[in-house]
Amino acid sequence: MPETTRLEVPRLMEVLIASADIRRRVCELGNQIARDYPDSTPLLVGVLNGCICFVSDLMQAIAIPHELDFVSVSSYGAASESSRNPRLVKDLEKTIAGRDVILVEDIVDSGHTLHFLRETLLSRSPRSLRIAALLDKSERRERTIPLDYVGFEVPDRFLVGYGLDFAERFRHLPYIAALSPAEIEAEPGHHEEVA
């Protein structure tokens, strides 16, 4: 496959959400969060690594004081498919007891990872816990998760771009695209996304 620039779309993918649409929706979510927390300093908790673009743009769109921390979860281990048994790889640096916390995730798929994180964080007694997800792939949901802020509903396709990757590729794309089955099959050791 030839090298691509930021503006080119690789042959084997279809752009589903343009960068301008992402920017507009993230601004709307930031405004909504600011309205919901007029007297608070919420803590945004980004779920690494996929959230990095979303949380970066979201924090710039929230026009009230807020703080930032990160967690990282592994649900794959040595396997290429999710074990559906997530574990915390990087924990929070801040204490969340009595705080308003917003968990920021790139995509909600099966719901296993967010269910695990939600239960883990609730056990630490935050004042409130809400979830912001850029993408909601509800067709694949296996665990019920309350989503408070959702950017876009997306189809059951393998998505990349704006922080989402496939074998560590395509995170840099400024839009959300769906990979073709040919692209997925061509990658050695390909895996199925389950978040």
# chains A, B, ... in the order shown; residues from 1 in each chain; ligands from 1
call {"tool": "residues_around", "arguments": {"residues": "range 103-118 of chain A", "least_positions_apart": "3", "cutoff": "8 Å", "atoms": "only C-alpha atoms", "output": "ChimeraX atom specification"}}
result
/A:44-47,50-51,54-55,73,75,84-86,121-122,129-145,163-164,193-195
call {"tool": "residues_around", "arguments": {"residues": "Ile96 in chain A", "least_positions_apart": "5", "cutoff": "10 Å", "atoms": "only C-alpha atoms", "output": "PyMOL selection string"}}
result
chain A and resi 42-43+101+121-122+124-129
call {"tool": "atom_distance", "arguments": {"atom1": "CA of Leu179 in chain A", "atom2": "CA of Ile17 in chain A"}}
result
13.0 Å
call {"tool": "select_by_dssp", "arguments": {"residues": "chain A", "states": "strand (DSSP E)", "output": "number ranges by chain"}}
result
A: 13-17, 43-48, 67-74, 87-90, 100-108, 128-136, 149-153, 159-160, 176-179
call {"tool": "write_last_selection", "arguments": {"atoms": "C-alpha atoms", "output": "compact mmCIF listing (two decimals), in the first residue's frame"}}
result
# COMPACT_ATOMS: atom_id res chain seq x y z
CA MET A 13 -10.89 2.45 3.75
CA GLU A 14 -14.01 4.57 3.70
CA VAL A 15 -14.24 7.88 5.57
CA LEU A 16 -17.32 7.76 7.82
CA ILE A 17 -16.88 10.94 9.88
CA LEU A 43 -11.69 15.48 36.46
CA LEU A 44 -11.45 14.09 32.93
CA VAL A 45 -10.08 10.54 32.98
CA GLY A 46 -8.85 9.51 29.55
CA VAL A 47 -8.61 5.83 28.64
CA LEU A 48 -5.27 5.38 26.88
CA GLU A 67 -8.32 18.56 35.47
CA LEU A 68 -6.93 15.60 33.55
CA ASP A 69 -5.68 12.14 34.43
CA PHE A 70 -5.32 8.86 32.54
CA VAL A 71 -5.85 5.13 32.97
CA SER A 72 -4.79 2.29 30.73
CA VAL A 73 -6.54 -1.05 30.52
CA SER A 74 -5.47 -4.28 28.86
CA ARG A 87 -7.08 -5.43 33.90
CA LEU A 88 -5.76 -2.04 34.93
CA VAL A 89 -2.29 -1.40 33.49
CA LYS A 90 -1.94 2.27 34.48
CA ASP A 100 -16.94 14.83 39.74
CA VAL A 101 -15.31 12.45 37.27
CA ILE A 102 -15.86 12.10 33.52
CA LEU A 103 -14.44 8.94 31.99
CA VAL A 104 -13.37 9.75 28.40
CA GLU A 105 -13.27 6.85 25.94
CA ASP A 106 -12.72 6.76 22.18
CA ILE A 107 -15.17 3.98 21.32
CA VAL A 108 -17.65 1.84 23.21
CA SER A 128 -20.37 11.63 40.39
CA LEU A 129 -19.15 9.54 37.48
CA ARG A 130 -20.21 10.18 33.90
CA ILE A 131 -18.96 8.73 30.65
CA ALA A 132 -18.06 10.60 27.46
CA ALA A 133 -17.52 8.47 24.37
CA LEU A 134 -16.67 9.78 20.95
CA LEU A 135 -18.09 6.71 19.22
CA ASP A 136 -20.87 4.34 20.25
CA TYR A 149 -22.02 12.23 26.34
CA VAL A 150 -21.85 10.54 22.93
CA GLY A 151 -20.26 11.98 19.82
CA PHE A 152 -21.54 9.64 17.12
CA GLU A 153 -23.39 6.34 16.70
CA LEU A 159 -12.80 1.85 12.64
CA VAL A 160 -9.53 3.77 12.58
CA ILE A 176 -12.82 8.31 11.35
CA ALA A 177 -12.67 5.65 8.65
CA ALA A 178 -13.78 2.05 8.28
CA LEU A 179 -11.18 -0.44 7.12
call {"tool": "select_by_dssp", "arguments": {"residues": "range 23-55 of chain A", "states": "alpha helix (DSSP H)", "output": "JSON, numbers by chain"}}
result
{"A": [23, 24, 25, 26, 27, 28, 29, 30, 31, 32, 33, 34, 35, 36, 52, 53, 54, 55]}
call {"tool": "atom_distance", "arguments": {"atom1": "CA of Gln60 in chain A", "atom2": "CA of Asp156 in chain A"}}
result
29.5 Å
call {"tool": "residues_around", "arguments": {"residues": "Asp39 in chain A", "least_positions_apart": "4", "cutoff": "10 Å", "atoms": "only C-alpha atoms", "output": "VMD selection string"}}
result
chain A and resid 34 to 35 64 to 65
call {"tool": "closest_residue", "arguments": {"among": "A:Asp21, A:His66, A:Ala61, A:Phe170", "to": "Thr41 in chain A", "atoms": "only C-alpha atoms"}}
result
A:His66
